[in-house]
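Listing of coords.tsv, TSV, C-alpha atoms
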```
chain	number	residue	atom	x	y	z
T	1037	MET	CA	12.01	12.06	-39.72
T	1038	ASN	CA	14.10	9.11	-38.54
T	1039	VAL	CA	12.93	6.79	-35.77
T	1040	GLY	CA	15.18	4.19	-34.13
T	1041	ILE	CA	14.23	1.06	-32.19
T	1042	PRO	CA	17.26	-0.47	-30.46
T	1043	SER	CA	17.22	-3.86	-28.77
T	1044	GLU	CA	16.35	-3.86	-25.08
T	1045	ILE	CA	19.46	-4.34	-22.97
T	1046	LYS	CA	18.05	-4.64	-19.44
T	1047	ALA	CA	18.41	-8.21	-18.19
T	1048	GLY	CA	15.25	-10.26	-18.66
T	1049	GLU	CA	13.44	-7.74	-20.85
T	1050	LYS	CA	11.77	-9.54	-23.77
T	1051	ARG	CA	9.51	-6.77	-25.06
T	1052	VAL	CA	10.23	-4.52	-28.03
T	1053	ALA	CA	9.12	-0.89	-28.32
T	1054	MET	CA	7.04	-1.46	-31.46
T	1055	SER	CA	5.58	-4.45	-33.27
T	1056	PRO	CA	5.88	-4.58	-37.08
T	1057	ALA	CA	2.26	-3.39	-37.42
T	1058	ASN	CA	3.09	-0.30	-35.35
T	1059	VAL	CA	6.21	0.32	-37.43
T	1060	GLN	CA	4.13	0.17	-40.59
T	1061	SER	CA	1.99	3.05	-39.31
T	1062	LEU	CA	5.17	5.14	-39.41
T	1063	THR	CA	6.67	3.93	-42.67
T	1064	ASP	CA	3.31	4.51	-44.39
T	1065	ARG	CA	3.71	8.18	-43.46
T	1066	GLY	CA	7.17	8.38	-44.93
T	1067	VAL	CA	9.04	8.04	-41.64
T	1068	THR	CA	12.34	6.14	-41.81
T	1069	VAL	CA	12.48	3.47	-39.11
T	1070	ARG	CA	15.69	1.69	-38.12
T	1071	VAL	CA	15.39	-1.46	-36.05
T	1072	GLN	CA	18.32	-3.20	-34.42
T	1073	THR	CA	18.67	-6.79	-35.62
T	1074	GLY	CA	16.97	-9.18	-33.21
T	1075	ALA	CA	15.12	-6.46	-31.31
T	1076	GLY	CA	11.79	-8.24	-31.63
T	1077	THR	CA	12.92	-11.85	-31.64
T	1078	ALA	CA	12.22	-12.60	-27.96
T	1079	ALA	CA	8.75	-11.11	-28.33
T	1080	GLY	CA	7.92	-13.27	-31.34
T	1081	TYR	CA	8.55	-10.66	-34.04
T	1082	PRO	CA	11.34	-11.81	-36.41
T	1083	ASP	CA	13.53	-9.40	-38.37
T	1084	ALA	CA	11.82	-10.39	-41.62
T	1085	ASP	CA	8.51	-8.99	-40.34
T	1086	TYR	CA	10.10	-5.59	-39.75
T	1087	ALA	CA	11.79	-5.62	-43.14
T	1088	ALA	CA	8.45	-6.49	-44.77
T	1089	VAL	CA	6.87	-3.25	-43.49
T	1090	GLY	CA	9.71	-1.07	-44.71
T	1091	ALA	CA	12.01	-0.88	-41.68
T	1092	THR	CA	15.79	-0.75	-42.13
T	1093	LEU	CA	17.59	-3.41	-40.10
T	1094	THR	CA	21.05	-2.87	-38.66
T	1095	THR	CA	23.30	-4.76	-36.28
T	1096	ASP	CA	24.98	-1.52	-35.22
T	1097	ARG	CA	23.36	0.00	-32.13
T	1098	SER	CA	25.43	3.15	-32.43
T	1099	GLU	CA	24.07	3.68	-35.97
T	1100	ILE	CA	20.53	3.73	-34.62
T	1101	PHE	CA	21.42	6.43	-32.09
T	1102	ALA	CA	23.51	8.40	-34.59
T	1103	LYS	CA	20.92	8.45	-37.38
T	1104	SER	CA	17.64	8.67	-35.44
T	1105	ASP	CA	15.79	11.82	-34.44
T	1106	ILE	CA	13.57	9.80	-32.11
T	1107	ILE	CA	14.63	6.75	-30.07
T	1108	LEU	CA	11.90	4.36	-28.85
T	1109	GLN	CA	12.69	2.06	-25.92
T	1110	VAL	CA	10.68	-0.10	-23.56
T	1111	GLN	CA	12.92	0.41	-20.51
T	1112	SER	CA	14.87	3.59	-21.01
T	1113	PHE	CA	16.98	5.78	-18.72
T	1114	GLY	CA	15.75	5.55	-15.14
T	1115	SER	CA	13.76	2.38	-15.70
T	1116	ASN	CA	17.03	0.73	-16.72
T	1117	ASN	CA	19.71	1.90	-14.30
T	1118	GLU	CA	21.75	-1.28	-14.75
T	1119	ASN	CA	23.51	-0.79	-18.07
T	1120	SER	CA	22.14	2.27	-19.90
T	1121	GLY	CA	25.34	4.33	-19.54
T	1122	GLU	CA	26.56	3.59	-23.06
T	1123	ASP	CA	23.20	4.60	-24.52
T	1124	LEU	CA	23.30	7.84	-22.55
T	1125	ALA	CA	26.72	8.63	-24.00
T	1126	MET	CA	25.28	8.28	-27.52
T	1127	LEU	CA	22.49	10.83	-27.02
T	1128	ARG	CA	22.85	14.20	-28.71
T	1129	SER	CA	21.26	17.62	-28.41
T	1130	GLY	CA	17.82	17.86	-29.99
T	1131	GLN	CA	17.24	14.10	-30.02
T	1132	LEU	CA	14.04	12.72	-28.48
T	1133	VAL	CA	13.87	9.56	-26.37
T	1134	ILE	CA	10.52	7.96	-25.54
T	1135	GLY	CA	10.15	5.05	-23.12
T	1136	MET	CA	9.41	3.98	-19.58
T	1137	MET	CA	11.79	5.84	-17.26
T	1138	ASP	CA	10.40	5.34	-13.73
T	1139	PRO	CA	10.78	9.12	-13.31
T	1140	LEU	CA	9.33	9.48	-9.81
T	1141	ALA	CA	11.71	6.88	-8.39
T	1142	SER	CA	14.72	7.82	-10.58
T	1143	PRO	CA	14.49	11.58	-11.22
T	1144	GLN	CA	18.28	11.84	-11.56
T	1145	ALA	CA	18.03	9.94	-14.84
T	1146	ALA	CA	15.96	12.76	-16.34
T	1147	GLN	CA	18.62	15.22	-15.24
T	1148	ALA	CA	21.28	13.06	-16.88
T	1149	VAL	CA	19.37	13.03	-20.18
T	1150	ALA	CA	18.87	16.80	-19.92
T	1151	SER	CA	22.62	17.26	-19.58
T	1152	THR	CA	23.06	15.82	-23.10
T	1153	GLY	CA	20.62	18.35	-24.59
T	1154	ALA	CA	18.21	15.57	-25.55
T	1155	THR	CA	14.49	15.53	-24.79
T	1156	ALA	CA	12.89	12.69	-22.84
T	1157	ILE	CA	9.24	11.62	-22.67
T	1158	ALA	CA	8.45	9.26	-19.79
T	1159	LEU	CA	5.49	7.06	-20.71
T	1160	GLU	CA	4.55	6.48	-17.07
T	1161	MET	CA	3.63	10.16	-16.79
T	1162	VAL	CA	0.86	10.07	-19.41
T	1163	PRO	CA	-2.12	11.73	-17.65
T	1164	ARG	CA	-5.19	9.60	-17.04
T	1165	ILE	CA	-7.55	11.63	-19.19
T	1166	SER	CA	-9.89	10.30	-21.87
T	1167	ARG	CA	-7.84	11.77	-24.73
T	1168	ALA	CA	-4.72	9.94	-23.53
T	1169	GLN	CA	-6.21	6.51	-22.83
T	1170	SER	CA	-4.67	4.98	-25.96
T	1171	MET	CA	-1.23	6.21	-24.80
T	1172	ASP	CA	-1.52	4.86	-21.24
T	1173	VAL	CA	1.28	2.31	-21.05
T	1174	LEU	CA	0.79	1.69	-17.32
T	1175	SER	CA	-2.78	0.54	-17.88
T	1176	SER	CA	-1.73	-1.61	-20.83
T	1177	MET	CA	0.98	-3.38	-18.86
T	1178	ALA	CA	-1.13	-3.64	-15.69
T	1179	THR	CA	-3.88	-5.39	-17.65
T	1180	LEU	CA	-1.44	-8.13	-18.65
T	1181	ALA	CA	0.13	-8.33	-15.19
T	1182	GLY	CA	-3.27	-8.83	-13.55
T	1183	TYR	CA	-4.11	-11.65	-15.93
T	1184	LYS	CA	-0.73	-13.34	-15.54
T	1185	ALA	CA	-0.80	-13.10	-11.74
T	1186	VAL	CA	-3.90	-15.30	-11.61
T	1187	ILE	CA	-2.31	-17.87	-13.93
T	1188	MET	CA	0.81	-17.88	-11.74
T	1189	GLY	CA	-1.29	-18.32	-8.61
T	1190	ALA	CA	-3.28	-21.15	-10.17
T	1191	SER	CA	-0.08	-22.89	-11.25
T	1192	ALA	CA	1.50	-22.65	-7.79
T	1193	ALA	CA	-1.61	-23.66	-5.82
T	1194	PRO	CA	-2.22	-27.31	-4.87
T	1195	ARG	CA	-5.92	-26.92	-5.75
T	1196	ILE	CA	-7.98	-26.06	-8.81
T	1197	PHE	CA	-10.03	-22.87	-9.12
T	1198	PRO	CA	-13.53	-24.06	-10.20
T	1199	MET	CA	-16.05	-26.18	-8.36
T	1200	LEU	CA	-16.36	-29.59	-9.99
T	1201	MET	CA	-19.05	-32.22	-9.48
T	1202	THR	CA	-17.31	-35.54	-10.09
T	1203	ALA	CA	-17.89	-39.24	-9.48
T	1204	ALA	CA	-15.25	-38.93	-6.79
T	1205	GLY	CA	-17.18	-36.20	-5.02
T	1206	THR	CA	-17.59	-32.43	-5.16
T	1207	LEU	CA	-14.49	-30.28	-5.38
T	1208	GLN	CA	-15.00	-26.92	-3.73
T	1209	PRO	CA	-13.93	-23.76	-5.63
T	1210	ALA	CA	-10.81	-21.89	-4.60
T	1211	ARG	CA	-11.20	-18.64	-2.71
T	1212	VAL	CA	-9.21	-15.80	-4.25
T	1213	LEU	CA	-8.61	-12.38	-2.72
T	1214	ILE	CA	-7.34	-9.45	-4.79
T	1215	MET	CA	-5.78	-6.66	-2.74
T	1216	GLY	CA	-5.54	-3.37	-4.61
T	1217	VAL	CA	-8.09	-2.93	-7.37
T	1218	GLY	CA	-6.55	-0.72	-10.01
T	1219	VAL	CA	-6.24	-1.91	-13.59
T	1220	ALA	CA	-4.19	-4.98	-12.63
T	1221	GLY	CA	-6.48	-5.86	-9.77
T	1222	LEU	CA	-9.65	-5.63	-11.83
T	1223	GLN	CA	-8.15	-7.80	-14.55
T	1224	ALA	CA	-7.09	-10.31	-11.87
T	1225	CYS	CA	-10.65	-10.34	-10.50
T	1226	ALA	CA	-12.12	-10.98	-13.93
T	1227	THR	CA	-9.59	-13.69	-14.78
T	1228	ALA	CA	-10.02	-15.54	-11.47
T	1229	LYS	CA	-13.80	-15.33	-11.87
T	1230	ARG	CA	-13.60	-16.81	-15.37
T	1231	LEU	CA	-11.55	-19.70	-13.98
T	1232	GLY	CA	-14.38	-20.45	-11.54
T	1233	ALA	CA	-12.98	-19.15	-8.24
T	1234	VAL	CA	-14.93	-17.39	-5.52
T	1235	VAL	CA	-13.41	-13.93	-5.81
T	1236	GLU	CA	-13.24	-11.14	-3.24
T	1237	ALA	CA	-11.39	-7.87	-3.60
T	1238	TYR	CA	-10.26	-5.02	-1.40
T	1239	ASP	CA	-9.12	-1.48	-2.10
T	1240	VAL	CA	-8.90	1.57	0.16
T	1241	ARG	CA	-10.58	3.80	-2.45
T	1242	PRO	CA	-14.37	4.03	-1.96
T	1243	ALA	CA	-14.84	4.32	-5.75
T	1244	ALA	CA	-13.41	0.83	-6.17
T	1245	ARG	CA	-16.56	-0.85	-4.79
T	1246	GLU	CA	-18.59	-0.42	-7.97
T	1247	GLN	CA	-15.61	-1.45	-10.08
T	1248	ILE	CA	-15.20	-4.66	-8.07
T	1249	LEU	CA	-18.86	-5.53	-8.50
T	1250	SER	CA	-18.67	-4.82	-12.23
T	1251	VAL	CA	-16.22	-7.71	-12.76
T	1252	GLY	CA	-18.21	-10.20	-10.69
T	1253	ALA	CA	-16.20	-10.06	-7.47
T	1254	LYS	CA	-17.38	-9.34	-3.94
T	1255	PRO	CA	-16.02	-6.22	-2.21
T	1256	VAL	CA	-14.36	-6.69	1.18
T	1257	GLU	CA	-15.56	-3.82	3.34
T	1258	LEU	CA	-13.60	-2.85	6.44
T	1259	ASP	CA	-14.47	-0.32	9.13
T	1260	LEU	CA	-11.95	2.32	8.04
T	1261	ASP	CA	-12.06	6.03	7.17
T	1262	THR	CA	-11.11	5.99	3.49
T	1263	GLY	CA	-12.35	9.45	2.51
T	1264	GLU	CA	-8.89	10.70	1.51
T	1265	SER	CA	-7.46	7.48	0.11
T	1266	GLU	CA	-7.47	8.44	-3.56
T	1267	GLY	CA	-4.88	10.77	-5.06
T	1268	ALA	CA	-4.45	12.39	-8.44
T	1269	GLY	CA	-5.13	10.28	-11.52
T	1270	GLY	CA	-7.17	7.68	-9.64
T	1271	TYR	CA	-4.14	6.11	-7.94
T	1272	ALA	CA	-4.20	5.09	-4.30
T	1273	LYS	CA	-2.58	7.67	-2.04
T	1274	GLU	CA	0.10	6.78	0.48
T	1275	GLN	CA	-1.48	6.23	3.90
T	1276	GLY	CA	-0.24	6.89	7.44
T	1277	GLU	CA	0.98	4.09	9.69
T	1278	ASP	CA	-2.06	4.28	12.01
T	1279	PHE	CA	-4.38	3.67	9.06
T	1280	LEU	CA	-2.24	0.79	7.79
T	1281	ARG	CA	-2.02	-0.82	11.24
T	1282	ARG	CA	-5.80	-0.78	11.66
T	1283	GLN	CA	-6.24	-2.07	8.11
T	1284	ARG	CA	-3.94	-5.02	8.78
T	1285	GLU	CA	-5.80	-5.94	11.95
T	1286	LEU	CA	-9.12	-6.08	10.17
T	1287	MET	CA	-7.70	-7.95	7.18
T	1288	THR	CA	-6.22	-10.80	9.22
T	1289	GLU	CA	-9.53	-12.66	9.50
T	1290	VAL	CA	-10.28	-12.15	5.81
T	1291	VAL	CA	-6.84	-13.34	4.71
T	1292	ALA	CA	-7.03	-16.49	6.82
T	1293	GLN	CA	-9.94	-17.75	4.71
T	1294	GLN	CA	-8.22	-17.43	1.33
T	1295	ASP	CA	-6.52	-20.00	-0.88
T	1296	ILE	CA	-4.84	-17.50	-3.23
T	1297	ILE	CA	-4.06	-13.84	-2.57
T	1298	ILE	CA	-2.93	-11.45	-5.29
T	1299	THR	CA	-1.59	-8.10	-4.15
T	1300	THR	CA	-1.29	-5.17	-6.54
T	1301	ALA	CA	-1.17	-2.07	-4.32
T	1302	ALA	CA	1.48	0.37	-5.52
T	1303	VAL	CA	1.98	4.09	-4.98
T	1304	PRO	CA	3.86	5.85	-7.83
T	1305	GLY	CA	7.41	6.71	-6.78
T	1306	ALA	CA	7.03	5.27	-3.27
T	1307	LYS	CA	7.60	1.98	-1.48
T	1308	SER	CA	4.65	-0.38	-1.66
T	1309	PRO	CA	2.53	-0.55	1.52
T	1310	ILE	CA	2.66	-3.75	3.56
T	1311	LEU	CA	-0.80	-5.27	3.36
T	1312	VAL	CA	0.05	-8.84	4.42
T	1313	THR	CA	2.17	-9.07	7.56
T	1314	GLU	CA	4.14	-12.06	8.76
T	1315	GLU	CA	1.45	-12.67	11.41
T	1316	MET	CA	-1.18	-12.74	8.67
T	1317	VAL	CA	0.85	-15.27	6.68
T	1318	LYS	CA	1.05	-17.47	9.80
T	1319	ALA	CA	-2.76	-17.40	9.98
T	1320	MET	CA	-3.23	-18.55	6.39
T	1321	LYS	CA	-4.14	-22.07	5.26
T	1322	PRO	CA	-1.34	-24.54	4.51
T	1323	GLY	CA	-0.86	-24.61	0.74
T	1324	ALA	CA	-2.13	-21.04	0.27
T	1325	VAL	CA	-0.39	-18.88	-2.32
T	1326	ILE	CA	0.44	-15.17	-2.42
T	1327	VAL	CA	1.34	-13.52	-5.74
T	1328	ASP	CA	2.86	-10.12	-4.96
T	1329	LEU	CA	2.73	-7.89	-8.04
T	1330	ALA	CA	4.25	-5.07	-6.00
T	1331	ALA	CA	7.47	-7.03	-5.40
T	1332	GLU	CA	9.60	-4.59	-7.42
T	1333	ARG	CA	8.55	-1.75	-5.08
T	1334	GLY	CA	9.33	-3.64	-1.90
T	1335	GLY	CA	6.25	-5.85	-1.90
T	1336	ASN	CA	2.83	-5.81	-0.27
T	1337	CYS	CA	3.72	-8.90	1.77
T	1338	ALA	CA	6.29	-8.57	4.52
T	1339	LEU	CA	7.95	-11.83	3.46
T	1340	THR	CA	8.15	-11.14	-0.28
T	1341	GLU	CA	11.58	-11.37	-1.89
T	1342	GLN	CA	11.88	-9.70	-5.28
T	1343	GLY	CA	12.39	-12.19	-8.08
T	1344	LYS	CA	12.09	-15.20	-5.77
T	1345	THR	CA	9.57	-17.77	-4.56
T	1346	VAL	CA	9.52	-18.06	-0.77
T	1347	GLU	CA	8.01	-20.84	1.35
T	1348	ALA	CA	6.97	-19.61	4.80
T	1349	TYR	CA	4.59	-21.19	7.36
T	1350	GLY	CA	3.22	-23.50	4.66
T	1351	VAL	CA	2.44	-20.58	2.34
T	1352	THR	CA	4.05	-20.02	-1.07
T	1353	ILE	CA	4.91	-16.36	-1.74
T	1354	LEU	CA	5.78	-15.33	-5.29
T	1355	GLY	CA	7.65	-12.07	-5.89
T	1356	PRO	CA	7.72	-11.83	-9.70
T	1357	GLU	CA	9.66	-9.19	-11.61
T	1358	ASN	CA	8.62	-7.52	-14.86
T	1359	VAL	CA	5.53	-9.68	-15.31
T	1360	PRO	CA	4.40	-8.08	-18.63
T	1361	SER	CA	7.70	-9.15	-20.21
T	1362	GLU	CA	6.59	-12.76	-19.82
T	1363	MET	CA	3.79	-12.04	-22.31
T	1364	ALA	CA	6.11	-10.13	-24.60
T	1365	TYR	CA	4.15	-10.67	-27.83
T	1366	HIS	CA	0.98	-8.95	-26.70
T	1367	ALA	CA	2.81	-6.62	-24.32
T	1368	SER	CA	4.83	-5.29	-27.27
T	1369	GLN	CA	1.69	-5.00	-29.34
T	1370	MET	CA	-0.04	-2.92	-26.66
T	1371	LEU	CA	3.00	-0.83	-25.80
T	1372	GLY	CA	3.67	-0.25	-29.49
T	1373	LYS	CA	0.12	1.07	-29.94
T	1374	ASN	CA	0.66	3.42	-26.98
T	1375	MET	CA	3.87	4.65	-28.65
T	1376	GLN	CA	2.15	4.96	-32.04
T	1377	THR	CA	-0.67	7.10	-30.66
T	1378	LEU	CA	1.78	9.37	-28.84
T	1379	LEU	CA	3.82	9.81	-32.01
T	1380	GLU	CA	0.66	10.75	-33.90
T	1381	LEU	CA	0.23	13.56	-31.37
T	1382	ILE	CA	3.76	14.96	-31.65
T	1383	LEU	CA	4.42	14.44	-35.39
T	1384	ASP	CA	2.63	16.64	-37.91
T	1385	GLU	CA	1.33	15.51	-41.31
T	1386	GLN	CA	4.79	15.98	-42.83
T	1387	GLY	CA	6.35	13.81	-40.13
T	1388	SER	CA	8.06	16.75	-38.41
T	1389	LEU	CA	8.33	16.86	-34.62
T	1390	LYS	CA	6.27	19.46	-32.77
T	1391	LEU	CA	6.16	19.58	-28.97
T	1392	ASP	CA	3.32	21.82	-27.79
T	1393	PHE	CA	3.82	22.47	-24.09
T	1394	ASN	CA	0.34	23.95	-23.90
T	1395	ASP	CA	-0.94	20.40	-24.40
T	1396	GLU	CA	-1.31	18.75	-20.98
T	1397	ILE	CA	-0.11	15.42	-22.35
T	1398	ILE	CA	3.17	16.96	-23.52
T	1399	ALA	CA	3.56	19.12	-20.43
T	1400	GLY	CA	2.90	16.11	-18.21
T	1401	THR	CA	5.24	13.63	-19.89
T	1402	VAL	CA	8.34	15.60	-20.94
T	1403	VAL	CA	10.90	15.14	-18.17
T	1404	ALA	CA	13.97	16.53	-19.96
T	1405	HIS	CA	14.14	19.27	-22.58
T	1406	ALA	CA	16.55	21.98	-23.78
T	1407	GLY	CA	19.14	21.14	-21.15
T	1408	ASP	CA	16.73	21.26	-18.21
T	1409	VAL	CA	14.01	19.32	-16.39
T	1410	PRO	CA	10.74	21.17	-17.17
T	1411	HIS	CA	8.32	18.96	-15.23
T	1412	PRO	CA	7.26	20.81	-12.02
T	1413	HIS	CA	6.98	17.71	-9.83
T	1414	MET	CA	10.27	16.33	-11.09
T	1415	ARG	CA	11.93	19.63	-10.24
T	1416	LYS	CA	10.67	19.32	-6.67
T	1417	LEU	CA	12.10	15.81	-6.41
T	1418	LEU	CA	15.44	17.13	-7.65
T	1419	ASN	CA	15.33	20.21	-5.39
T	1420	LEU	CA	15.45	22.50	-8.41
T	1421	PRO	CA	13.88	25.99	-8.37
T	1422	GLU	CA	10.53	26.56	-10.06
T	1423	LEU	CA	10.68	27.56	-13.71
T	1424	GLN	CA	9.32	31.03	-14.42
T	1425	THR	CA	8.54	30.28	-18.06
T	1426	GLN	CA	8.11	27.03	-19.93
T	1427	GLU	CA	10.62	26.30	-22.68
T	1428	VAL	CA	8.97	25.17	-25.92
```

So that I can check it, write out the structure of this file as structure tokens.
Amino acid sequence: MNVGIPSEIKAGEKRVAMSPANVQSLTDRGVTVRVQTGAGTAAGYPDADYAAVGATLTTDRSEIFAKSDIILQVQSFGSNNENSGEDLAMLRSGQLVIGMMDPLASPQAAQAVASTGATAIALEMVPRISRAQSMDVLSSMATLAGYKAVIMGASAAPRIFPMLMTAAGTLQPARVLIMGVGVAGLQACATAKRLGAVVEAYDVRPAAREQILSVGAKPVELDLDTGESEGAGGYAKEQGEDFLRRQRELMTEVVAQQDIIITTAAVPGAKSPILVTEEMVKAMKPGAVIVDLAAERGGNCALTEQGKTVEAYGVTILGPENVPSEMAYHASQMLGKNMQTLLELILDEQGSLKLDFNDEIIAGTVVAHAGDVPHPHMRKLLNLPELQTQEV
């Protein structure tokens, strides 16, 4: 079995699909691993580290695609719609590509991969079941994003987080509100709490209350009917405009008291809900900061601009892109472990590939196979007819 790790080509991407330690788990099993020269440099993994664990280094990207049975990428087709056309042209029938593909927002990319005869596994589609936790790339990356968002907010704010008793008087702690308490939100709560802030958190899902308390934050409770706010896999479900309007009204008073707000509410494959309106920003304290982790999906703040820092009504609004890439060393380590565990599922003891579509992890993550798109939900997005039988 031959595995290839090309350099990431999407602008600003610093991560690499596998760290040297992850690569060693493959070479120890007799798998040949080709790594493009410089693939790990931006993440802090020099070529020499890959060579030391038995990887073959090459400057030729086309060689990696030509000689690899499996291609591992961080941002693959669909996640990288900017400049992945040349990679697509190098795919061949029977080849397997594994990476983040943003399949619910870019289903056409899966169809394009299928047209080459290659198979594609989208890491975002790993089901949230106990057996797949070590493959869950979204949770891995969200953990880092939640941590980094607090650091970004602290850096941009004109105040410190903890209370300090000094000879010059008492400095009051910052008030931090986390909106959206999934993996990123919980990590943000914990990080802000460790820095000494007074932390509150809000999420539409009733189950989030206990999670908020578990990390030392205080739940914000609004008078809303949230009985049907949680969808499949524990993600927040898209809400109607009446619900969102009422939510914004009740949140205005809460938001006005905060020094830093971190928003993390995202719905897979859909535009992010607006949680902080322009009117709410107007009501905030001068010098307050908003860090919008949903900026790439349109943003949770009405004034967010993707990839930019905006000053409005005395409030600083950060719209960061690809936050995990800024912690590329550990992001690559975590993502590489997710990849490694998935490969252990689909490679047998002899290193041969076996895709068992009776396994819910395989059935849930394969978005292109044998010239078609086998995933039922993806077929709906593409307006394709239901498959009568599953190709294996």

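If you look at atom CA of T:Ile1214 and atom CA of T:Ile1297, they are 5.9 Å away from each other.
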
Top pick for closest residue to T:Ala1399, considering T:Ala1302, T:Leu1140, T:Val1071, T:Met1414 and counting only C-alpha atoms: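 Selected residue with least distance to T:Ala1399: T:Met1414.
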
Nearest-residue call for T:Ala1193, choices T:Ala1228, T:Val1039, T:Ala1210, T:Leu1174, using all atoms listed in the file: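 Selected residue with least distance to T:Ala1193: T:Ala1210.
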
For T:Ile1398: contacts at 9 Å, only C-alpha atoms, fewer than 4 positions along chain excluded, given as a PyMOL selection string: chain T and resi 1157+1162+1382+1391-1394+1402

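Take atom CA of T:Pro1255 and atom CA of T:Met1287: the distance between them is 12.7 Å.
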
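Around T:Ile1134, within 9 Å and counting only C-alpha atoms, the residues found are T:Ile1106, T:Ile1107, T:Leu1108, T:Gln1109, T:Val1110, T:Ser1112, T:Met1137, T:Thr1155, T:Ala1156, T:Ile1157, T:Ala1158, T:Leu1159, T:Met1375, once anything fewer than 3 positions away on its own chain is removed.
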
Taking all atoms of stretch 1371-1389 of chain T that appear in the file, build a box with edges along x, y and z, extend it by 3 Å on every side, and state its centre and edge lengths in Å to one decimal, as lines of an AutoDock Vina configuration file.
```
center_x = 3.8
center_y = 8.0
center_z = -34.3
size_x = 15.0
size_y = 23.7
size_z = 23.0
```

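Distance annotation: of T:Ser1368, T:Thr1288, T:Gln1147, T:Thr1095, the residue with the minimal separation from T:Arg1051 is T:Ser1368; atom set is all atoms listed in the file.
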
d(atom CA of T:Gly1130, atom CA of T:Ala1154) in Å: 5.0 Å

Contacts of T:Pro1412 at 12 Å (only C-alpha atoms; same-chain gap of 4+ positions) as number ranges by chain: T: 1140, 1143, 1399-1404, 1408, 1416-1426

Store the residues picked out above in a file with C-alpha atoms, as a JSON list (two decimals), in the frame of the given file.
```json
[["chain", "number", "residue", "atom", "x", "y", "z"],
["T", 1140, "LEU", "CA", 9.33, 9.48, -9.81],
["T", 1143, "PRO", "CA", 14.49, 11.58, -11.22],
["T", 1399, "ALA", "CA", 3.56, 19.12, -20.43],
["T", 1400, "GLY", "CA", 2.90, 16.11, -18.21],
["T", 1401, "THR", "CA", 5.24, 13.63, -19.89],
["T", 1402, "VAL", "CA", 8.34, 15.60, -20.94],
["T", 1403, "VAL", "CA", 10.90, 15.14, -18.17],
["T", 1404, "ALA", "CA", 13.97, 16.53, -19.96],
["T", 1408, "ASP", "CA", 16.73, 21.26, -18.21],
["T", 1416, "LYS", "CA", 10.67, 19.32, -6.67],
["T", 1417, "LEU", "CA", 12.10, 15.81, -6.41],
["T", 1418, "LEU", "CA", 15.44, 17.13, -7.65],
["T", 1419, "ASN", "CA", 15.33, 20.21, -5.39],
["T", 1420, "LEU", "CA", 15.45, 22.50, -8.41],
["T", 1421, "PRO", "CA", 13.88, 25.99, -8.37],
["T", 1422, "GLU", "CA", 10.53, 26.56, -10.06],
["T", 1423, "LEU", "CA", 10.68, 27.56, -13.71],
["T", 1424, "GLN", "CA", 9.32, 31.03, -14.42],
["T", 1425, "THR", "CA", 8.54, 30.28, -18.06],
["T", 1426, "GLN", "CA", 8.11, 27.03, -19.93]]
```

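Closest approach to T:Pro1322 among T:Ala1301, T:Ala1243, T:Ile1296, T:Val1256 is made by T:Ile1296 (distances from only C-alpha atoms).
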
12 Å contact set for stretch 1339-1347 of chain T, only C-alpha atoms, chain neighbours under 4 positions out, as a ChimeraX atom specification: /T:1048,1188-1189,1192,1299,1308,1310-1318,1322-1335,1351-1359

Test item: residues at most 10 Å from T:Met1320, all atoms listed in the file, excluding those fewer than 6 positions along its chain, as a ChimeraX atom specification: /T:1288-1296,1349-1351

Output file: stretch 1388-1416 of chain T, C-alpha atoms, as a PDB file, in the first residue's frame:
```pdb
ATOM      1  CA  SER T1388      -4.640  -3.691   2.025  1.00  0.00           C
ATOM      2  CA  LEU T1389      -7.619  -1.356   1.651  1.00  0.00           C
ATOM      3  CA  LYS T1390     -11.044  -2.667   2.623  1.00  0.00           C
ATOM      4  CA  LEU T1391     -14.124  -0.433   2.595  1.00  0.00           C
ATOM      5  CA  ASP T1392     -16.998  -2.108   4.438  1.00  0.00           C
ATOM      6  CA  PHE T1393     -20.153  -0.160   3.660  1.00  0.00           C
ATOM      7  CA  ASN T1394     -21.974  -2.051   6.394  1.00  0.00           C
ATOM      8  CA  ASP T1395     -19.845  -0.066   8.843  1.00  0.00           C
ATOM      9  CA  GLU T1396     -21.663   3.171   9.692  1.00  0.00           C
ATOM     10  CA  ILE T1397     -18.396   5.105   9.768  1.00  0.00           C
ATOM     11  CA  ILE T1398     -17.592   4.103   6.186  1.00  0.00           C
ATOM     12  CA  ALA T1399     -21.169   4.516   4.988  1.00  0.00           C
ATOM     13  CA  GLY T1400     -21.336   7.945   6.615  1.00  0.00           C
ATOM     14  CA  THR T1401     -18.045   9.352   5.331  1.00  0.00           C
ATOM     15  CA  VAL T1402     -17.625   8.053   1.761  1.00  0.00           C
ATOM     16  CA  VAL T1403     -18.939  10.783  -0.540  1.00  0.00           C
ATOM     17  CA  ALA T1404     -17.609   9.450  -3.860  1.00  0.00           C
ATOM     18  CA  HIS T1405     -17.086   5.841  -4.920  1.00  0.00           C
ATOM     19  CA  ALA T1406     -17.137   3.727  -8.093  1.00  0.00           C
ATOM     20  CA  GLY T1407     -18.108   6.661 -10.290  1.00  0.00           C
ATOM     21  CA  ASP T1408     -21.049   7.755  -8.139  1.00  0.00           C
ATOM     22  CA  VAL T1409     -22.007   9.607  -4.958  1.00  0.00           C
ATOM     23  CA  PRO T1410     -23.213   6.901  -2.530  1.00  0.00           C
ATOM     24  CA  HIS T1411     -24.036   9.099   0.468  1.00  0.00           C
ATOM     25  CA  PRO T1412     -27.868   9.452   0.734  1.00  0.00           C
ATOM     26  CA  HIS T1413     -27.873  13.022   2.040  1.00  0.00           C
ATOM     27  CA  MET T1414     -25.318  14.128  -0.526  1.00  0.00           C
ATOM     28  CA  ARG T1415     -27.489  12.643  -3.265  1.00  0.00           C
ATOM     29  CA  LYS T1416     -30.408  14.762  -2.057  1.00  0.00           C
TER      30      LYS T1416
END
```
